[in-house]
>>> print(open('my_file-v4.tsv').read())   # TSV, C-alpha atoms and all ligand atoms
chain	number	residue	atom	x	y	z
A	7	MET	CA	0.00	0.00	0.00
A	8	ALA	CA	1.56	3.29	-1.02
A	9	THR	CA	0.78	6.56	0.71
A	10	ASN	CA	2.94	9.65	0.96
A	11	GLY	CA	6.59	8.62	0.95
A	12	TYR	CA	6.26	5.25	2.58
A	13	ASN	CA	4.85	1.77	2.09
A	14	ILE	CA	3.57	-0.57	4.75
A	15	HIS	CA	4.34	-4.24	4.11
A	16	ALA	CA	2.52	-6.81	6.25
A	17	LEU	CA	3.30	-10.47	6.85
A	18	GLU	CA	1.11	-12.77	8.90
A	19	LEU	CA	3.51	-14.92	10.92
A	20	GLY	CA	3.40	-17.60	13.61
A	21	PRO	CA	0.67	-19.73	15.18
A	22	MET	CA	-1.37	-16.80	16.57
A	23	GLU	CA	-2.11	-14.88	13.35
A	24	ASN	CA	0.31	-12.09	14.29
A	25	PHE	CA	0.93	-9.32	11.79
A	26	VAL	CA	4.51	-8.11	11.52
A	27	TYR	CA	4.80	-4.81	9.67
A	28	LEU	CA	7.57	-3.08	7.79
A	29	ILE	CA	7.31	0.69	7.43
A	30	HIS	CA	9.44	1.39	4.39
A	31	ASP	CA	10.59	4.97	3.80
A	32	ARG	CA	10.96	5.04	0.03
A	33	SER	CA	13.25	8.04	-0.33
A	34	THR	CA	16.00	6.49	1.80
A	35	ASP	CA	15.12	2.79	1.48
A	36	THR	CA	15.26	2.46	5.24
A	37	ALA	CA	12.58	0.86	7.36
A	38	ALA	CA	11.19	0.17	10.79
A	39	ILE	CA	9.99	-3.31	11.64
A	40	VAL	CA	7.00	-3.34	13.97
A	41	ASP	CA	6.59	-6.18	16.50
A	42	PRO	CA	9.25	-8.56	15.11
A	43	ALA	CA	8.17	-12.08	16.04
A	44	TRP	CA	8.00	-15.71	14.89
A	45	ASP	CA	9.45	-16.29	11.40
A	46	VAL	CA	10.97	-12.84	11.35
A	47	GLU	CA	13.49	-14.12	8.80
A	48	ALA	CA	10.68	-13.89	6.24
A	49	MET	CA	10.50	-10.13	6.81
A	50	LEU	CA	14.29	-9.76	6.82
A	51	SER	CA	14.42	-11.59	3.47
A	52	LEU	CA	11.69	-9.37	2.05
A	53	ALA	CA	13.63	-6.27	3.12
A	54	LYS	CA	16.83	-7.67	1.63
A	55	GLU	CA	15.14	-8.52	-1.67
A	56	LYS	CA	13.86	-4.96	-1.95
A	57	GLY	CA	17.19	-3.41	-0.93
A	58	ILE	CA	15.75	-1.98	2.30
A	59	ARG	CA	17.89	-1.42	5.40
A	60	ILE	CA	16.11	-1.92	8.73
A	61	THR	CA	17.12	0.91	11.06
A	62	ASP	CA	14.47	0.70	13.78
A	63	ILE	CA	12.38	-1.79	15.74
A	64	LEU	CA	9.05	-0.47	17.02
A	65	LEU	CA	7.18	-2.36	19.74
A	66	THR	CA	3.45	-1.91	20.31
A	67	HIS	CA	3.78	-3.86	23.56
A	68	SER	CA	5.88	-6.51	25.26
A	69	HIS	CA	3.85	-9.71	24.90
A	70	HIS	CA	5.88	-12.70	23.76
A	71	ASP	CA	3.99	-13.13	20.48
A	72	HIS	CA	5.01	-9.59	19.44
A	73	VAL	CA	8.65	-9.53	20.53
A	74	ASN	CA	10.12	-13.02	20.18
A	75	GLY	CA	12.05	-12.05	17.03
A	76	ILE	CA	13.88	-9.00	18.42
A	77	GLU	CA	17.18	-10.81	19.02
A	78	HIS	CA	17.07	-12.27	15.54
A	79	VAL	CA	16.67	-8.80	14.00
A	80	LEU	CA	19.44	-7.40	16.21
A	81	GLU	CA	21.80	-10.17	15.12
A	82	GLN	CA	21.43	-9.04	11.52
A	83	THR	CA	20.99	-5.27	11.83
A	84	ASP	CA	22.01	-2.36	14.08
A	85	ALA	CA	18.38	-1.36	14.59
A	86	GLN	CA	17.33	0.90	17.45
A	87	VAL	CA	14.57	-0.54	19.66
A	88	HIS	CA	11.69	1.82	20.54
A	89	LEU	CA	8.96	1.33	23.11
A	90	LEU	CA	7.07	3.35	25.67
A	91	LYS	CA	8.78	3.89	29.00
A	92	ALA	CA	5.64	2.63	30.75
A	93	GLU	CA	5.86	-0.66	28.83
A	94	ALA	CA	9.59	-1.06	29.52
A	95	ARG	CA	8.87	-0.66	33.23
A	96	PHE	CA	6.01	-3.18	33.06
A	97	TRP	CA	8.08	-5.67	31.06
A	98	GLY	CA	11.22	-5.43	33.19
A	99	LYS	CA	13.45	-6.89	30.47
A	100	SER	CA	16.92	-5.46	30.00
A	101	LEU	CA	17.26	-4.27	26.42
A	102	VAL	CA	20.41	-2.79	24.93
A	103	LYS	CA	19.94	1.01	24.94
A	104	PRO	CA	16.24	1.12	24.04
A	105	ALA	CA	14.69	4.47	23.07
A	106	LEU	CA	12.00	4.97	25.72
A	107	HIS	CA	9.08	7.10	24.58
A	108	HIS	CA	6.05	8.90	25.92
A	109	GLY	CA	2.75	9.41	24.14
A	110	GLY	CA	3.04	12.37	21.75
A	111	ASP	CA	6.63	11.61	20.75
A	112	SER	CA	7.65	11.15	17.13
A	113	ILE	CA	9.98	8.56	15.64
A	114	VAL	CA	11.65	9.44	12.36
A	115	VAL	CA	12.56	6.75	9.84
A	116	GLY	CA	14.29	8.31	6.84
A	117	ASP	CA	11.86	11.07	5.80
A	118	THR	CA	8.86	9.40	7.41
A	119	GLU	CA	7.55	10.72	10.70
A	120	ILE	CA	5.68	8.34	12.96
A	121	GLN	CA	3.61	9.58	15.89
A	122	VAL	CA	3.57	7.53	19.07
A	123	LEU	CA	0.26	7.21	20.89
A	124	HIS	CA	0.11	5.88	24.43
A	125	THR	CA	-2.90	3.53	24.39
A	126	PRO	CA	-3.10	1.64	27.71
A	127	GLY	CA	-5.70	-1.06	28.37
A	128	HIS	CA	-4.24	-4.27	26.96
A	129	THR	CA	-0.98	-3.53	28.78
A	130	PRO	CA	0.00	-0.38	30.76
A	131	GLY	CA	2.43	0.86	28.11
A	132	SER	CA	0.74	-0.27	24.89
A	133	ALA	CA	1.42	2.00	21.92
A	134	CYS	CA	-0.17	2.68	18.55
A	135	PHE	CA	1.83	4.20	15.70
A	136	HIS	CA	0.19	6.84	13.52
A	137	LEU	CA	1.65	7.94	10.20
A	138	GLY	CA	-0.09	9.55	7.25
A	139	ASN	CA	-3.55	8.03	7.37
A	140	ASP	CA	-2.38	4.71	8.78
A	141	LEU	CA	-2.67	3.46	12.34
A	142	ILE	CA	-0.64	0.45	13.44
A	143	ALA	CA	-2.54	-0.62	16.50
A	144	GLY	CA	-0.92	-3.73	18.03
A	145	ASP	CA	-3.35	-5.44	20.40
A	146	THR	CA	-5.24	-2.26	21.20
A	147	LEU	CA	-7.66	-2.40	18.29
A	148	PHE	CA	-8.35	-5.25	15.87
A	149	VAL	CA	-10.64	-5.25	12.86
A	150	PHE	CA	-14.02	-5.76	14.60
A	151	GLY	CA	-12.27	-6.57	17.89
A	152	CYS	CA	-9.99	-5.24	20.63
A	153	GLY	CA	-7.26	-6.59	22.87
A	154	ARG	CA	-8.17	-8.50	26.01
A	155	CYS	CA	-7.93	-6.70	29.30
A	156	ASP	CA	-7.85	-9.64	31.73
A	157	LEU	CA	-4.14	-10.44	31.46
A	158	ASN	CA	-1.47	-9.09	33.80
A	159	GLY	CA	-1.39	-5.30	33.40
A	160	GLY	CA	-4.69	-5.14	31.53
A	161	ASP	CA	-7.33	-2.60	32.53
A	162	PRO	CA	-10.74	-2.42	30.82
A	163	GLU	CA	-11.48	1.10	32.03
A	164	GLU	CA	-8.25	2.33	30.51
A	165	MET	CA	-9.10	0.46	27.30
A	166	PHE	CA	-12.48	2.19	27.20
A	167	ASN	CA	-10.78	5.59	27.45
A	168	THR	CA	-8.14	4.64	24.90
A	169	LEU	CA	-10.72	3.51	22.33
A	170	LYS	CA	-12.83	6.59	22.95
A	171	ARG	CA	-9.79	8.73	22.20
A	172	ILE	CA	-8.89	6.79	19.06
A	173	ARG	CA	-12.49	7.02	17.85
A	174	SER	CA	-12.59	10.78	18.33
A	175	GLU	CA	-9.08	11.64	17.14
A	176	MET	CA	-8.59	9.43	14.09
A	177	PRO	CA	-10.19	10.63	10.84
A	178	GLY	CA	-12.70	8.20	9.33
A	179	ASP	CA	-10.44	7.33	6.40
A	180	THR	CA	-7.60	6.25	8.72
A	181	VAL	CA	-6.58	2.70	7.85
A	182	LEU	CA	-6.30	0.35	10.82
A	183	HIS	CA	-3.47	-2.21	10.73
A	184	PRO	CA	-4.11	-4.59	13.63
A	185	GLY	CA	-1.66	-6.76	15.56
A	186	HIS	CA	-3.51	-9.97	14.69
A	187	ASN	CA	-5.39	-11.15	11.63
A	188	TYR	CA	-8.65	-11.94	13.42
A	189	SER	CA	-10.90	-10.92	10.54
A	190	PRO	CA	-9.19	-12.53	7.54
A	191	ASP	CA	-11.67	-11.07	5.03
A	192	HIS	CA	-10.48	-7.66	6.25
A	193	PRO	CA	-6.76	-7.66	7.11
A	194	THR	CA	-7.06	-3.86	7.29
A	195	ALA	CA	-10.11	-1.60	7.63
A	196	THR	CA	-11.00	2.07	7.80
A	197	MET	CA	-11.92	3.72	11.09
A	198	ASP	CA	-15.28	4.55	9.49
A	199	SER	CA	-16.01	0.85	9.10
A	200	GLN	CA	-14.88	0.22	12.68
A	201	CYS	CA	-17.07	2.96	14.11
A	202	LYS	CA	-19.98	1.23	12.38
A	203	GLY	CA	-19.12	-2.41	13.04
A	204	ASN	CA	-16.59	-2.81	15.85
A	205	PRO	CA	-18.60	-3.71	18.95
A	206	PHE	CA	-15.95	-2.27	21.27
A	207	LEU	CA	-16.51	1.19	19.76
A	208	HIS	CA	-20.27	1.07	20.38
A	209	PHE	CA	-20.37	1.68	24.13
A	210	ASP	CA	-20.76	5.18	25.60
A	211	ASP	CA	-20.83	4.05	29.21
A	212	PRO	CA	-17.61	2.63	30.71
A	213	ASP	CA	-19.54	0.12	32.86
A	214	ASP	CA	-21.27	-1.28	29.77
A	215	PHE	CA	-17.92	-1.59	28.01
A	216	ILE	CA	-16.36	-3.36	31.01
A	217	GLU	CA	-19.29	-5.78	31.26
A	218	TYR	CA	-19.00	-6.60	27.55
A	219	ARG	CA	-15.19	-6.88	27.46
A	220	MET	CA	-14.73	-8.82	30.71
A	221	ARG	CA	-17.81	-11.04	30.96
A	222	VAL	CA	-19.84	-11.24	27.77
A	223	HIS	CA	-17.66	-11.00	24.67
A	224	ASP	CA	-15.62	-14.20	24.87
A	225	ARG	CA	-18.71	-16.28	25.60
A	226	ILE	CA	-20.64	-15.13	22.55
A	227	ARG	CA	-18.04	-14.29	19.95
A	228	HIS	CA	-15.12	-16.07	18.29
A	229	THR	CA	-12.75	-15.38	15.43
A	230	PRO	CA	-13.05	-14.78	12.54
A	231	TYR	CA	-14.68	-11.54	13.63
A	232	GLN	CA	-17.49	-10.00	11.64
A	233	ALA	CA	-19.19	-6.62	12.00
A	234	VAL	CA	-21.57	-6.13	14.96
A	235	SER	CA	-24.15	-3.34	15.02
A	236	LYS	CA	-24.53	-1.00	17.99
A	237	GLU	CA	-27.97	-2.45	18.62
A	238	GLN	CA	-26.59	-6.03	18.73
A	239	ALA	CA	-23.75	-5.02	21.03
A	240	LEU	CA	-26.08	-3.29	23.50
A	241	LYS	CA	-28.54	-6.17	23.36
A	242	SER	CA	-25.83	-8.66	24.27
A	243	ILE	CA	-25.33	-6.90	27.63
A	244	GLY	CA	-29.08	-6.81	28.30
A	245	HIS	CA	-30.06	-3.36	27.00
A	301	FE	FE	-0.79	-8.83	23.43
>>> encode(input="my_file-v4.tsv", output="structure tokens")
Amino acid sequence: MATNGYNIHALELGPMENFVYLIHDRSTDTAAIVDPAWDVEAMLSLAKEKGIRITDILLTHSHHDHVNGIEHVLEQTDAQVHLLKAEARFWGKSLVKPALHHGGDSIVVGDTEIQVLHTPGHTPGSACFHLGNDLIAGDTLFVFGCGRCDLNGGDPEEMFNTLKRIRSEMPGDTVLHPGHNYSPDHPTATMDSQCKGNPFLHFDDPDDFIEYRMRVHDRIRHTPYQAVSKEQALKSIGH
């Protein structure tokens, strides 16, 4: 997909339908790899084939299925690792000179500027990366789904606030690139389509959201995810 001066390449890798992304700055042929995990060699080969040098590693969060390829990338490149300070603290892993960010920071790859959003809820230091009209969302927002909030460090109230912010701040034509391919008919989707059909964006009351996320959703819904109307979502929590 080509927009502005960059391309986003996606590979679905590993047993958990993870998406690993490459943000390729075309003018310098440098790139950032987002959430390097699983058969990361496939992405390194793709970069090599295209003559792209990987200069940065961006982490949306620290879960194993998003980070288990970091060492492999570092063996083959001199890439700088980036993550939020809040996530580094939560993770507790010693990384070699990571760049620790706060929400609102920018990361520059060649001539491409990437905005860092702090989006807690799935983990305390989860991040989304916004560039042009693309949003790389990790496990914060999936196509017709959102990250679970019942794991260590998860917080459904924070997720509610995070999604509310994303919904209000991202233009409708923003393209969502999720951390997992849970809706294979729609590996990406616009925010417009998510506002209409993502059940997690339908709740205005935090208590309703928490009830749906923590107690109802996993009982009634399984991947592959399809669109859910606001009426259906509210009905499923007894409204
Ligand atoms: Fe995760």
>>> atom_distance(input="my_file-v4.tsv", atom1="CA of Glu81 (chain A)", atom2="CA of Met49 (chain A)")
14.0 Å
>>> residues_around(input="my_file-v4.tsv", residues="region 228-230 of chain A", least_positions_apart="5", cutoff="12 Å", atoms="only C-alpha atoms", output="number ranges by chain")
A: 22-23, 148-152, 186-193, 222-223
>>> atom_distance(input="my_file-v4.tsv", atom1="CA of His128 (chain A)", atom2="CA of Gly160 (chain A)")
4.7 Å
>>> closest_residue(input="my_file-v4.tsv", among="A:Glu18, A:Asp145, A:Glu47, A:Asp84", to="ligand FE 301 (chain A)", atoms="all atoms listed in the file")
A:Asp145
>>> residues_near_ligand(input="my_file-v4.tsv", ligand="ligand FE 301 (chain A)", cutoff="10 Å", atoms="only C-alpha atoms and all ligand atoms", output="PyMOL selection string")
chain A and resi 24+66-73+128-129+132+144-146+153-155+157+160+185-186
>>> write_last_selection(input="my_file-v4.tsv", atoms="C-alpha atoms", output="PDB file, keeping the file's coordinate frame")
ATOM      1  CA  ASN A  24       0.310 -12.090  14.290  1.00  0.00           C
ATOM      2  CA  THR A  66       3.450  -1.910  20.310  1.00  0.00           C
ATOM      3  CA  HIS A  67       3.780  -3.860  23.560  1.00  0.00           C
ATOM      4  CA  SER A  68       5.880  -6.510  25.260  1.00  0.00           C
ATOM      5  CA  HIS A  69       3.850  -9.710  24.900  1.00  0.00           C
ATOM      6  CA  HIS A  70       5.880 -12.700  23.760  1.00  0.00           C
ATOM      7  CA  ASP A  71       3.990 -13.130  20.480  1.00  0.00           C
ATOM      8  CA  HIS A  72       5.010  -9.590  19.440  1.00  0.00           C
ATOM      9  CA  VAL A  73       8.650  -9.530  20.530  1.00  0.00           C
ATOM     10  CA  HIS A 128      -4.240  -4.270  26.960  1.00  0.00           C
ATOM     11  CA  THR A 129      -0.980  -3.530  28.780  1.00  0.00           C
ATOM     12  CA  SER A 132       0.740  -0.270  24.890  1.00  0.00           C
ATOM     13  CA  GLY A 144      -0.920  -3.730  18.030  1.00  0.00           C
ATOM     14  CA  ASP A 145      -3.350  -5.440  20.400  1.00  0.00           C
ATOM     15  CA  THR A 146      -5.240  -2.260  21.200  1.00  0.00           C
ATOM     16  CA  GLY A 153      -7.260  -6.590  22.870  1.00  0.00           C
ATOM     17  CA  ARG A 154      -8.170  -8.500  26.010  1.00  0.00           C
ATOM     18  CA  CYS A 155      -7.930  -6.700  29.300  1.00  0.00           C
ATOM     19  CA  LEU A 157      -4.140 -10.440  31.460  1.00  0.00           C
ATOM     20  CA  GLY A 160      -4.690  -5.140  31.530  1.00  0.00           C
ATOM     21  CA  GLY A 185      -1.660  -6.760  15.560  1.00  0.00           C
ATOM     22  CA  HIS A 186      -3.510  -9.970  14.690  1.00  0.00           C
TER      23      HIS A 186
END
>>> atom_distance(input="my_file-v4.tsv", atom1="CA of Gly75 (chain A)", atom2="CA of Glu55 (chain A)")
19.3 Å
>>> residues_around(input="my_file-v4.tsv", residues="region 164-178 of chain A", least_positions_apart="4", cutoff="12 Å", atoms="all atoms listed in the file", output="number ranges by chain")
A: 109, 123-143, 145-148, 151-156, 159-160, 182, 195-202, 204-220
>>> residues_near_point(input="my_file-v4.tsv", point="(11.6, 4.1, 6.8)", cutoff="12 Å", atoms="all atoms listed in the file", output="number ranges by chain")
A: 10-15, 27-40, 53, 58-64, 85, 113-120, 137
>>> write_last_selection(input="my_file-v4.tsv", atoms="C-alpha atoms", output="short mmCIF file (atom, residue, chain, number, x, y, z; two decimals), in the coordinates of the input")
data_model
loop_
_atom_site.label_atom_id
_atom_site.label_comp_id
_atom_site.auth_asym_id
_atom_site.auth_seq_id
_atom_site.Cartn_x
_atom_site.Cartn_y
_atom_site.Cartn_z
CA ASN A 10 2.94 9.65 0.96
CA GLY A 11 6.59 8.62 0.95
CA TYR A 12 6.26 5.25 2.58
CA ASN A 13 4.85 1.77 2.09
CA ILE A 14 3.57 -0.57 4.75
CA HIS A 15 4.34 -4.24 4.11
CA TYR A 27 4.80 -4.81 9.67
CA LEU A 28 7.57 -3.08 7.79
CA ILE A 29 7.31 0.69 7.43
CA HIS A 30 9.44 1.39 4.39
CA ASP A 31 10.59 4.97 3.80
CA ARG A 32 10.96 5.04 0.03
CA SER A 33 13.25 8.04 -0.33
CA THR A 34 16.00 6.49 1.80
CA ASP A 35 15.12 2.79 1.48
CA THR A 36 15.26 2.46 5.24
CA ALA A 37 12.58 0.86 7.36
CA ALA A 38 11.19 0.17 10.79
CA ILE A 39 9.99 -3.31 11.64
CA VAL A 40 7.00 -3.34 13.97
CA ALA A 53 13.63 -6.27 3.12
CA ILE A 58 15.75 -1.98 2.30
CA ARG A 59 17.89 -1.42 5.40
CA ILE A 60 16.11 -1.92 8.73
CA THR A 61 17.12 0.91 11.06
CA ASP A 62 14.47 0.70 13.78
CA ILE A 63 12.38 -1.79 15.74
CA LEU A 64 9.05 -0.47 17.02
CA ALA A 85 18.38 -1.36 14.59
CA ILE A 113 9.98 8.56 15.64
CA VAL A 114 11.65 9.44 12.36
CA VAL A 115 12.56 6.75 9.84
CA GLY A 116 14.29 8.31 6.84
CA ASP A 117 11.86 11.07 5.80
CA THR A 118 8.86 9.40 7.41
CA GLU A 119 7.55 10.72 10.70
CA ILE A 120 5.68 8.34 12.96
CA LEU A 137 1.65 7.94 10.20
#
>>> residues_near_point(input="my_file-v4.tsv", point="(4.1, 5.0, 30.7)", cutoff="7 Å", atoms="only C-alpha atoms", output="VMD selection string")
chain A and resid 90 to 93 108 130 to 131
>>> axis_aligned_box(input="my_file-v4.tsv", around="region 219-227 of chain A", padding_each_side="5 Å", output="JSON")
{"center_x": -17.7, "center_y": -11.6, "center_z": 25.5, "size_x": 15.9, "size_y": 19.4, "size_z": 21.0}
>>> decode(input="my_file-v4.tsv", residues="region 122-192 of chain A", atoms="C-alpha atoms", output="PDB file, in the first residue's frame")
ATOM      1  CA  VAL A 122       3.575   7.527  19.070  1.00  0.00           C
ATOM      2  CA  LEU A 123       0.257   7.214  20.894  1.00  0.00           C
ATOM      3  CA  HIS A 124       0.115   5.878  24.433  1.00  0.00           C
ATOM      4  CA  THR A 125      -2.898   3.534  24.391  1.00  0.00           C
ATOM      5  CA  PRO A 126      -3.103   1.645  27.712  1.00  0.00           C
ATOM      6  CA  GLY A 127      -5.696  -1.057  28.369  1.00  0.00           C
ATOM      7  CA  HIS A 128      -4.244  -4.266  26.957  1.00  0.00           C
ATOM      8  CA  THR A 129      -0.976  -3.525  28.782  1.00  0.00           C
ATOM      9  CA  PRO A 130       0.000  -0.383  30.757  1.00  0.00           C
ATOM     10  CA  GLY A 131       2.426   0.859  28.106  1.00  0.00           C
ATOM     11  CA  SER A 132       0.744  -0.269  24.889  1.00  0.00           C
ATOM     12  CA  ALA A 133       1.415   1.999  21.922  1.00  0.00           C
ATOM     13  CA  CYS A 134      -0.167   2.675  18.547  1.00  0.00           C
ATOM     14  CA  PHE A 135       1.826   4.200  15.704  1.00  0.00           C
ATOM     15  CA  HIS A 136       0.190   6.836  13.519  1.00  0.00           C
ATOM     16  CA  LEU A 137       1.654   7.935  10.205  1.00  0.00           C
ATOM     17  CA  GLY A 138      -0.089   9.551   7.253  1.00  0.00           C
ATOM     18  CA  ASN A 139      -3.552   8.033   7.367  1.00  0.00           C
ATOM     19  CA  ASP A 140      -2.383   4.710   8.777  1.00  0.00           C
ATOM     20  CA  LEU A 141      -2.673   3.456  12.340  1.00  0.00           C
ATOM     21  CA  ILE A 142      -0.639   0.447  13.440  1.00  0.00           C
ATOM     22  CA  ALA A 143      -2.545  -0.624  16.498  1.00  0.00           C
ATOM     23  CA  GLY A 144      -0.919  -3.728  18.028  1.00  0.00           C
ATOM     24  CA  ASP A 145      -3.354  -5.439  20.397  1.00  0.00           C
ATOM     25  CA  THR A 146      -5.243  -2.256  21.205  1.00  0.00           C
ATOM     26  CA  LEU A 147      -7.665  -2.401  18.286  1.00  0.00           C
ATOM     27  CA  PHE A 148      -8.347  -5.249  15.870  1.00  0.00           C
ATOM     28  CA  VAL A 149     -10.637  -5.247  12.862  1.00  0.00           C
ATOM     29  CA  PHE A 150     -14.021  -5.763  14.600  1.00  0.00           C
ATOM     30  CA  GLY A 151     -12.274  -6.566  17.890  1.00  0.00           C
ATOM     31  CA  CYS A 152      -9.988  -5.238  20.633  1.00  0.00           C
ATOM     32  CA  GLY A 153      -7.258  -6.594  22.868  1.00  0.00           C
ATOM     33  CA  ARG A 154      -8.173  -8.503  26.008  1.00  0.00           C
ATOM     34  CA  CYS A 155      -7.934  -6.698  29.305  1.00  0.00           C
ATOM     35  CA  ASP A 156      -7.852  -9.641  31.725  1.00  0.00           C
ATOM     36  CA  LEU A 157      -4.140 -10.444  31.462  1.00  0.00           C
ATOM     37  CA  ASN A 158      -1.472  -9.085  33.804  1.00  0.00           C
ATOM     38  CA  GLY A 159      -1.392  -5.298  33.400  1.00  0.00           C
ATOM     39  CA  GLY A 160      -4.688  -5.141  31.528  1.00  0.00           C
ATOM     40  CA  ASP A 161      -7.331  -2.604  32.529  1.00  0.00           C
ATOM     41  CA  PRO A 162     -10.742  -2.421  30.823  1.00  0.00           C
ATOM     42  CA  GLU A 163     -11.482   1.097  32.028  1.00  0.00           C
ATOM     43  CA  GLU A 164      -8.247   2.329  30.509  1.00  0.00           C
ATOM     44  CA  MET A 165      -9.103   0.456  27.304  1.00  0.00           C
ATOM     45  CA  PHE A 166     -12.483   2.194  27.204  1.00  0.00           C
ATOM     46  CA  ASN A 167     -10.783   5.593  27.453  1.00  0.00           C
ATOM     47  CA  THR A 168      -8.138   4.641  24.905  1.00  0.00           C
ATOM     48  CA  LEU A 169     -10.719   3.509  22.334  1.00  0.00           C
ATOM     49  CA  LYS A 170     -12.831   6.594  22.946  1.00  0.00           C
ATOM     50  CA  ARG A 171      -9.794   8.732  22.202  1.00  0.00           C
ATOM     51  CA  ILE A 172      -8.894   6.789  19.063  1.00  0.00           C
ATOM     52  CA  ARG A 173     -12.493   7.024  17.854  1.00  0.00           C
ATOM     53  CA  SER A 174     -12.594  10.780  18.331  1.00  0.00           C
ATOM     54  CA  GLU A 175      -9.082  11.636  17.141  1.00  0.00           C
ATOM     55  CA  MET A 176      -8.592   9.427  14.091  1.00  0.00           C
ATOM     56  CA  PRO A 177     -10.190  10.633  10.844  1.00  0.00           C
ATOM     57  CA  GLY A 178     -12.695   8.202   9.333  1.00  0.00           C
ATOM     58  CA  ASP A 179     -10.442   7.331   6.398  1.00  0.00           C
ATOM     59  CA  THR A 180      -7.600   6.248   8.717  1.00  0.00           C
ATOM     60  CA  VAL A 181      -6.576   2.700   7.851  1.00  0.00           C
ATOM     61  CA  LEU A 182      -6.299   0.349  10.819  1.00  0.00           C
ATOM     62  CA  HIS A 183      -3.466  -2.206  10.731  1.00  0.00           C
ATOM     63  CA  PRO A 184      -4.114  -4.587  13.635  1.00  0.00           C
ATOM     64  CA  GLY A 185      -1.664  -6.761  15.565  1.00  0.00           C
ATOM     65  CA  HIS A 186      -3.510  -9.974  14.692  1.00  0.00           C
ATOM     66  CA  ASN A 187      -5.389 -11.148  11.627  1.00  0.00           C
ATOM     67  CA  TYR A 188      -8.650 -11.942  13.421  1.00  0.00           C
ATOM     68  CA  SER A 189     -10.896 -10.916  10.537  1.00  0.00           C
ATOM     69  CA  PRO A 190      -9.187 -12.529   7.538  1.00  0.00           C
ATOM     70  CA  ASP A 191     -11.667 -11.070   5.033  1.00  0.00           C
ATOM     71  CA  HIS A 192     -10.480  -7.658   6.251  1.00  0.00           C
TER      72      HIS A 192
END
